[in-house]
file start26.cif (mmCIF, C-alpha atoms)
data_my_file
loop_
_atom_site.label_atom_id
_atom_site.label_comp_id
_atom_site.auth_asym_id
_atom_site.auth_seq_id
_atom_site.Cartn_x
_atom_site.Cartn_y
_atom_site.Cartn_z
CA MET A 1 -38.82 31.92 192.09
CA SER A 2 -41.34 30.08 190.14
CA ARG A 3 -42.64 27.01 191.58
CA LYS A 4 -44.39 24.27 189.75
CA PRO A 5 -48.03 24.18 190.30
CA GLU A 6 -49.38 21.13 191.95
CA LEU A 7 -51.39 18.87 189.82
CA LYS A 8 -54.69 17.43 190.92
CA GLY A 9 -56.71 14.46 189.83
CA ARG A 10 -56.00 12.83 186.52
CA ALA A 11 -52.99 15.06 185.76
CA ALA A 12 -51.35 14.00 189.03
CA ARG A 13 -51.72 10.34 188.20
CA LEU A 14 -50.21 10.87 184.76
CA ALA A 15 -47.31 12.83 186.21
CA ARG A 16 -46.44 9.92 188.46
CA LEU A 17 -46.26 7.55 185.47
CA LEU A 18 -43.72 9.69 183.61
CA PRO A 19 -40.15 9.66 184.83
CA ALA A 20 -39.06 12.83 186.49
CA GLY A 21 -35.54 14.24 186.23
CA SER A 22 -33.21 15.28 183.42
CA ALA A 23 -30.59 12.51 183.95
CA ARG A 24 -32.93 9.84 182.73
CA GLY A 25 -33.90 11.92 179.68
CA GLN A 26 -30.24 12.22 178.67
CA ALA A 27 -29.66 8.50 179.14
CA ALA A 28 -32.65 7.59 176.96
CA ARG A 29 -31.55 10.02 174.21
CA ALA A 30 -28.07 8.43 173.63
CA PRO A 31 -29.28 5.09 172.12
CA PHE A 32 -31.66 6.98 169.84
CA VAL A 33 -28.89 9.22 168.54
CA LEU A 34 -26.64 6.18 168.05
CA LEU A 35 -29.42 4.42 166.13
CA VAL A 36 -29.95 7.42 163.85
CA VAL A 37 -26.20 7.72 163.18
CA LEU A 38 -25.98 4.00 162.36
CA LEU A 39 -28.97 4.22 160.01
CA LEU A 40 -27.49 7.22 158.21
CA GLY A 41 -24.07 5.55 157.95
CA GLY A 42 -25.63 2.32 156.67
CA GLY A 43 -27.64 4.27 154.10
CA LEU A 44 -24.55 6.10 152.88
CA ILE A 45 -22.57 2.85 152.59
CA GLY A 46 -25.49 1.24 150.76
CA LEU A 47 -25.62 4.15 148.31
CA LEU A 48 -21.86 3.87 147.77
CA VAL A 49 -22.12 0.13 147.00
CA LEU A 50 -25.08 0.72 144.68
CA ASN A 51 -23.25 3.52 142.87
CA SER A 52 -20.12 1.41 142.35
CA ALA A 53 -22.23 -1.52 141.09
CA LEU A 54 -23.96 0.77 138.60
CA SER A 55 -20.61 2.15 137.47
CA GLU A 56 -19.23 -1.36 136.95
CA GLY A 57 -22.34 -2.27 134.96
CA SER A 58 -21.88 0.85 132.87
CA PHE A 59 -18.27 -0.11 132.06
CA GLN A 60 -19.38 -3.62 131.11
CA LEU A 61 -22.10 -2.17 128.92
CA ASP A 62 -19.57 0.05 127.14
CA ASP A 63 -17.26 -2.93 126.58
CA LEU A 64 -20.13 -5.02 125.21
CA LYS A 65 -21.23 -2.19 122.91
CA GLN A 66 -17.67 -1.89 121.57
CA ARG A 67 -17.47 -5.67 121.04
CA THR A 68 -20.85 -5.62 119.28
CA LYS A 69 -19.61 -2.85 116.98
CA GLU A 70 -16.45 -4.81 116.15
CA LEU A 71 -18.42 -7.98 115.43
CA THR A 72 -20.90 -6.06 113.28
CA ASP A 73 -18.04 -4.55 111.28
CA GLU A 74 -16.50 -8.01 110.84
CA GLU A 75 -19.86 -9.45 109.76
CA GLN A 76 -20.28 -6.70 107.18
CA ALA A 77 -16.76 -7.29 105.84
CA LEU A 78 -17.44 -11.02 105.54
CA GLN A 79 -20.75 -10.32 103.82
CA ARG A 80 -18.94 -8.07 101.31
CA ASP A 81 -16.48 -10.90 100.64
CA ILE A 82 -19.33 -13.36 100.11
CA ASP A 83 -21.06 -10.94 97.76
CA ALA A 84 -17.82 -10.43 95.80
CA TYR A 85 -17.21 -14.18 95.49
CA SER A 86 -20.79 -14.93 94.48
CA ALA A 87 -20.97 -12.22 91.81
CA PRO A 88 -21.58 -13.70 88.33
CA ARG A 89 -18.25 -12.46 86.92
CA ALA A 90 -16.29 -13.87 89.85
CA LEU A 91 -18.06 -17.22 89.51
CA GLN A 92 -17.38 -17.26 85.76
CA ARG A 93 -13.70 -16.44 86.30
CA ARG A 94 -13.30 -19.18 88.94
CA ALA A 95 -15.10 -21.69 86.72
CA ARG A 96 -12.74 -20.94 83.83
CA GLU A 97 -9.75 -21.25 86.16
CA LEU A 98 -11.01 -24.71 87.08
CA GLY A 99 -11.36 -25.65 83.40
CA MET A 100 -15.13 -25.47 83.16
CA VAL A 101 -16.83 -24.32 79.96
CA PRO A 102 -20.31 -22.95 79.37
CA GLY A 103 -22.85 -25.62 78.62
CA GLY A 104 -24.66 -26.05 75.32
CA ASP A 105 -28.35 -25.67 74.68
CA PRO A 106 -30.36 -27.56 77.29
CA ALA A 107 -33.26 -29.91 76.71
CA PHE A 108 -36.26 -30.09 79.02
CA LEU A 109 -38.53 -32.97 79.91
CA ASP A 110 -42.27 -32.56 80.16
CA PRO A 111 -44.15 -34.40 82.91
CA ASP A 112 -45.39 -36.87 80.30
CA GLY A 113 -41.82 -37.68 79.20
CA ARG A 114 -41.59 -35.72 75.95
CA VAL A 115 -38.35 -33.87 75.27
CA LYS A 116 -38.56 -30.15 74.54
CA GLY A 117 -35.72 -28.46 72.72
CA SER A 118 -32.70 -29.94 71.04
CA PRO A 119 -29.70 -30.46 73.30
CA SER A 120 -26.26 -29.60 72.03
CA PRO A 121 -22.91 -30.47 73.55
CA ALA A 122 -20.74 -27.87 75.20
CA PRO A 123 -18.31 -26.22 72.81
CA ALA A 124 -14.86 -27.72 72.83
CA ALA A 125 -12.50 -25.51 74.72
CA ALA A 126 -8.76 -25.43 74.78
CA THR A 127 -7.28 -27.89 77.23
CA PRO A 128 -7.05 -26.09 80.54
CA LEU A 129 -3.71 -25.81 82.20
CA VAL A 130 -3.98 -27.90 85.34
CA LEU A 131 -0.88 -27.96 87.50
CA ALA A 132 -0.06 -30.63 90.02
CA PRO A 133 0.06 -29.41 93.61
CA GLU A 134 3.78 -30.04 93.88
CA ALA A 135 4.42 -27.77 90.90
CA LEU A 136 2.80 -24.89 92.77
CA THR A 137 5.07 -25.10 95.81
CA PRO A 138 8.71 -24.00 95.51
CA THR A 139 11.29 -26.67 96.22
CA SER A 140 14.12 -26.15 98.66
CA GLY A 141 16.63 -28.15 96.57
CA SER A 142 18.01 -27.19 93.20
CA PRO A 143 15.53 -25.33 91.03
CA SER A 144 16.15 -27.53 87.97
CA ALA A 145 15.82 -30.93 89.69
CA PRO A 146 12.26 -32.29 89.51
CA THR A 147 10.69 -33.35 92.77
CA PRO A 148 9.11 -36.80 92.79
CA SER A 149 5.36 -36.60 93.00
CA PRO A 150 3.75 -38.21 96.04
CA TYR A 151 1.06 -39.49 93.66
CA ALA A 152 3.45 -41.17 91.20
CA GLU A 153 4.62 -44.68 91.70
CA PRO A 154 8.28 -44.95 92.64
CA SER A 155 9.15 -47.44 89.86
CA ALA A 156 7.31 -45.65 87.06
CA GLN A 157 9.28 -43.29 84.87
CA ALA A 158 7.67 -40.19 83.47
CA PRO A 159 7.34 -40.50 79.67
CA THR A 160 9.79 -38.40 77.74
CA SER A 161 9.45 -37.14 74.20
CA ALA A 162 11.32 -40.22 72.92
CA THR A 163 9.27 -42.75 74.92
CA ALA A 164 5.90 -41.04 74.78
CA ALA A 165 2.96 -43.11 73.63
CA PRO A 166 1.56 -42.42 70.18
CA PRO A 167 -1.23 -39.86 70.19
CA GLY A 168 -3.99 -42.31 69.33
CA THR A 169 -3.24 -44.88 72.04
CA ALA A 170 -3.86 -44.59 75.72
CA ALA A 171 -0.99 -45.27 78.05
CA THR A 172 -1.69 -47.99 80.59
CA PRO A 173 -0.34 -47.22 84.03
CA THR A 174 1.61 -49.89 85.82
CA THR A 175 -0.15 -51.14 88.87
CA ALA A 176 1.60 -51.35 92.18
CA ALA A 177 0.97 -54.15 94.57
CA THR A 178 -2.55 -53.68 95.79
CA PRO A 179 -3.21 -54.65 99.38
CA THR A 180 -5.63 -57.48 99.86
CA PRO A 181 -8.49 -56.80 102.22
CA THR A 182 -8.33 -58.64 105.50
CA PRO A 183 -11.62 -60.15 106.62
CA THR A 184 -12.82 -58.89 109.95
CA PRO A 185 -13.95 -61.45 112.52
CA GLY A 186 -17.61 -61.11 113.07
#
call {"tool": "encode", "arguments": {"input": "start26.cif", "output": "structure tokens"}}
result
Amino acid sequence: MSRKPELKGRAARLARLLPAGSARGQAARAPFVLLVVLLLGGGLIGLLVLNSALSEGSFQLDDLKQRTKELTDEEQALQRDIDAYSAPRALQRRARELGMVPGGDPAFLDPDGRVKGSPSPAPAAATPLVLAPEALTPTSGSPSAPTPSPYAEPSAQAPTSATAAPPGTAATPTTAATPTPTPTPG
């Protein structure tokens, strides 16, 4: 059939350098195919890892956005509370609850020391009702029995209507034994 033509000169020398035969061509092709398959597999695994890392980051981002929204809502609620407590009417109400009264006319001092304006005292207000802390908490014992105050002295009796001091005199409290200070060695 067809026969290969014989090569002469430079072509013959080049033909001798190249391996002849199909068995060697098949053997050289197997590592190349294996290398390509490994590269493709490694690329696919790398893409899978990258995709899962991006998905995890996306979930974390969603969680952080939700947390930021919750904290922003809480901040706004707290700011509304602050605004409500610092409103002039709320401050006035709390001041009256604490027994404060509006001040009188103020006087101002000039830098040279002269007084401007005529000061007046605050108007006398009704005595505010100030309850002791123990009166605010319910007692577990009988409702009619008074609870001794932790601030009262154990030996002192509360004045009754028969033993109350006259209105013009000030009652002098009895003094308990006061501890003497101990000097510290220095």
call {"tool": "atom_distance", "arguments": {"input": "start26.cif", "atom1": "atom CA of Val33 of chain A", "atom2": "atom CA of Leu48 of chain A"}}
result
22.6 Å
call {"tool": "closest_residue", "arguments": {"input": "start26.cif", "among": "A:Pro88, A:Gly104, A:Gly42, A:Gly57", "to": "Ala124 of chain A", "atoms": "all atoms listed in the file"}}
result
A:Gly104
call {"tool": "atom_distance", "arguments": {"input": "start26.cif", "atom1": "atom CA of Ala15 of chain A", "atom2": "atom CA of Pro31 of chain A"}}
result
24.2 Å
call {"tool": "atom_distance", "arguments": {"input": "start26.cif", "atom1": "atom CA of Leu34 of chain A", "atom2": "atom CA of Asn51 of chain A"}}
result
25.5 Å
call {"tool": "build_atoms", "arguments": {"input": "start26.cif", "residues": "segment 39-73 of chain A", "atoms": "N, CA and C atoms", "output": "PDB file, in the frame of the given file"}}
result
ATOM      1  N   LEU A  39     -28.090   4.292 161.187  1.00  0.00           N
ATOM      2  CA  LEU A  39     -28.970   4.220 160.010  1.00  0.00           C
ATOM      3  C   LEU A  39     -28.456   5.124 158.887  1.00  0.00           C
ATOM      4  N   LEU A  40     -28.038   6.316 159.220  1.00  0.00           N
ATOM      5  CA  LEU A  40     -27.490   7.220 158.210  1.00  0.00           C
ATOM      6  C   LEU A  40     -26.204   6.672 157.604  1.00  0.00           C
ATOM      7  N   GLY A  41     -25.316   6.147 158.441  1.00  0.00           N
ATOM      8  CA  GLY A  41     -24.070   5.550 157.950  1.00  0.00           C
ATOM      9  C   GLY A  41     -24.334   4.351 157.054  1.00  0.00           C
ATOM     10  N   GLY A  42     -25.268   3.486 157.488  1.00  0.00           N
ATOM     11  CA  GLY A  42     -25.630   2.320 156.670  1.00  0.00           C
ATOM     12  C   GLY A  42     -26.234   2.735 155.339  1.00  0.00           C
ATOM     13  N   GLY A  43     -27.052   3.766 155.349  1.00  0.00           N
ATOM     14  CA  GLY A  43     -27.640   4.270 154.100  1.00  0.00           C
ATOM     15  C   GLY A  43     -26.581   4.809 153.154  1.00  0.00           C
ATOM     16  N   LEU A  44     -25.621   5.558 153.721  1.00  0.00           N
ATOM     17  CA  LEU A  44     -24.550   6.100 152.880  1.00  0.00           C
ATOM     18  C   LEU A  44     -23.690   4.987 152.292  1.00  0.00           C
ATOM     19  N   ILE A  45     -23.367   3.983 153.098  1.00  0.00           N
ATOM     20  CA  ILE A  45     -22.570   2.850 152.590  1.00  0.00           C
ATOM     21  C   ILE A  45     -23.359   2.090 151.527  1.00  0.00           C
ATOM     22  N   GLY A  46     -24.649   1.898 151.759  1.00  0.00           N
ATOM     23  CA  GLY A  46     -25.490   1.240 150.760  1.00  0.00           C
ATOM     24  C   GLY A  46     -25.520   2.008 149.445  1.00  0.00           C
ATOM     25  N   LEU A  47     -25.640   3.335 149.513  1.00  0.00           N
ATOM     26  CA  LEU A  47     -25.620   4.150 148.310  1.00  0.00           C
ATOM     27  C   LEU A  47     -24.272   4.051 147.586  1.00  0.00           C
ATOM     28  N   LEU A  48     -23.185   4.005 148.358  1.00  0.00           N
ATOM     29  CA  LEU A  48     -21.860   3.870 147.770  1.00  0.00           C
ATOM     30  C   LEU A  48     -21.721   2.536 147.023  1.00  0.00           C
ATOM     31  N   VAL A  49     -22.176   1.458 147.638  1.00  0.00           N
ATOM     32  CA  VAL A  49     -22.120   0.130 147.000  1.00  0.00           C
ATOM     33  C   VAL A  49     -22.991   0.114 145.748  1.00  0.00           C
ATOM     34  N   LEU A  50     -24.187   0.674 145.832  1.00  0.00           N
ATOM     35  CA  LEU A  50     -25.080   0.720 144.680  1.00  0.00           C
ATOM     36  C   LEU A  50     -24.473   1.544 143.546  1.00  0.00           C
ATOM     37  N   ASN A  51     -23.871   2.671 143.882  1.00  0.00           N
ATOM     38  CA  ASN A  51     -23.250   3.520 142.870  1.00  0.00           C
ATOM     39  C   ASN A  51     -22.082   2.816 142.191  1.00  0.00           C
ATOM     40  N   SER A  52     -21.257   2.116 142.963  1.00  0.00           N
ATOM     41  CA  SER A  52     -20.120   1.410 142.350  1.00  0.00           C
ATOM     42  C   SER A  52     -20.606   0.241 141.493  1.00  0.00           C
ATOM     43  N   ALA A  53     -21.680  -0.433 141.907  1.00  0.00           N
ATOM     44  CA  ALA A  53     -22.230  -1.520 141.090  1.00  0.00           C
ATOM     45  C   ALA A  53     -22.785  -0.977 139.770  1.00  0.00           C
ATOM     46  N   LEU A  54     -23.448   0.157 139.828  1.00  0.00           N
ATOM     47  CA  LEU A  54     -23.960   0.770 138.600  1.00  0.00           C
ATOM     48  C   LEU A  54     -22.827   1.213 137.689  1.00  0.00           C
ATOM     49  N   SER A  55     -21.758   1.738 138.269  1.00  0.00           N
ATOM     50  CA  SER A  55     -20.610   2.150 137.470  1.00  0.00           C
ATOM     51  C   SER A  55     -19.957   0.955 136.799  1.00  0.00           C
ATOM     52  N   GLU A  56     -19.811  -0.138 137.522  1.00  0.00           N
ATOM     53  CA  GLU A  56     -19.230  -1.360 136.950  1.00  0.00           C
ATOM     54  C   GLU A  56     -20.113  -1.872 135.806  1.00  0.00           C
ATOM     55  N   GLY A  57     -21.419  -1.856 136.017  1.00  0.00           N
ATOM     56  CA  GLY A  57     -22.340  -2.270 134.960  1.00  0.00           C
ATOM     57  C   GLY A  57     -22.242  -1.363 133.748  1.00  0.00           C
ATOM     58  N   SER A  58     -22.028  -0.083 133.976  1.00  0.00           N
ATOM     59  CA  SER A  58     -21.880   0.850 132.870  1.00  0.00           C
ATOM     60  C   SER A  58     -20.619   0.558 132.066  1.00  0.00           C
ATOM     61  N   PHE A  59     -19.512   0.241 132.760  1.00  0.00           N
ATOM     62  CA  PHE A  59     -18.270  -0.110 132.060  1.00  0.00           C
ATOM     63  C   PHE A  59     -18.454  -1.395 131.257  1.00  0.00           C
ATOM     64  N   GLN A  60     -19.122  -2.380 131.836  1.00  0.00           N
ATOM     65  CA  GLN A  60     -19.380  -3.620 131.110  1.00  0.00           C
ATOM     66  C   GLN A  60     -20.244  -3.364 129.893  1.00  0.00           C
ATOM     67  N   LEU A  61     -21.230  -2.507 130.030  1.00  0.00           N
ATOM     68  CA  LEU A  61     -22.100  -2.170 128.920  1.00  0.00           C
ATOM     69  C   LEU A  61     -21.313  -1.501 127.795  1.00  0.00           C
ATOM     70  N   ASP A  62     -20.410  -0.591 128.153  1.00  0.00           N
ATOM     71  CA  ASP A  62     -19.570   0.050 127.140  1.00  0.00           C
ATOM     72  C   ASP A  62     -18.679  -0.968 126.429  1.00  0.00           C
ATOM     73  N   ASP A  63     -18.097  -1.898 127.192  1.00  0.00           N
ATOM     74  CA  ASP A  63     -17.260  -2.930 126.580  1.00  0.00           C
ATOM     75  C   ASP A  63     -18.084  -3.803 125.628  1.00  0.00           C
ATOM     76  N   LEU A  64     -19.280  -4.175 126.052  1.00  0.00           N
ATOM     77  CA  LEU A  64     -20.130  -5.020 125.210  1.00  0.00           C
ATOM     78  C   LEU A  64     -20.589  -4.274 123.957  1.00  0.00           C
ATOM     79  N   LYS A  65     -20.860  -2.975 124.090  1.00  0.00           N
ATOM     80  CA  LYS A  65     -21.230  -2.190 122.910  1.00  0.00           C
ATOM     81  C   LYS A  65     -20.062  -2.117 121.924  1.00  0.00           C
ATOM     82  N   GLN A  66     -18.851  -1.935 122.430  1.00  0.00           N
ATOM     83  CA  GLN A  66     -17.670  -1.890 121.570  1.00  0.00           C
ATOM     84  C   GLN A  66     -17.465  -3.236 120.874  1.00  0.00           C
ATOM     85  N   ARG A  67     -17.619  -4.330 121.614  1.00  0.00           N
ATOM     86  CA  ARG A  67     -17.470  -5.670 121.040  1.00  0.00           C
ATOM     87  C   ARG A  67     -18.543  -5.918 119.982  1.00  0.00           C
ATOM     88  N   THR A  68     -19.765  -5.469 120.250  1.00  0.00           N
ATOM     89  CA  THR A  68     -20.850  -5.620 119.280  1.00  0.00           C
ATOM     90  C   THR A  68     -20.536  -4.844 118.012  1.00  0.00           C
ATOM     91  N   LYS A  69     -19.978  -3.652 118.157  1.00  0.00           N
ATOM     92  CA  LYS A  69     -19.610  -2.850 116.980  1.00  0.00           C
ATOM     93  C   LYS A  69     -18.538  -3.546 116.171  1.00  0.00           C
ATOM     94  N   GLU A  70     -17.514  -4.098 116.853  1.00  0.00           N
ATOM     95  CA  GLU A  70     -16.450  -4.810 116.150  1.00  0.00           C
ATOM     96  C   GLU A  70     -16.995  -6.021 115.411  1.00  0.00           C
ATOM     97  N   LEU A  71     -17.862  -6.791 116.073  1.00  0.00           N
ATOM     98  CA  LEU A  71     -18.420  -7.980 115.430  1.00  0.00           C
ATOM     99  C   LEU A  71     -19.335  -7.610 114.266  1.00  0.00           C
ATOM    100  N   THR A  72     -20.053  -6.513 114.387  1.00  0.00           N
ATOM    101  CA  THR A  72     -20.900  -6.060 113.280  1.00  0.00           C
ATOM    102  C   THR A  72     -20.052  -5.638 112.096  1.00  0.00           C
ATOM    103  N   ASP A  73     -18.948  -4.933 112.364  1.00  0.00           N
ATOM    104  CA  ASP A  73     -18.040  -4.550 111.280  1.00  0.00           C
ATOM    105  C   ASP A  73     -17.450  -5.785 110.599  1.00  0.00           C
TER     106      ASP A  73
END
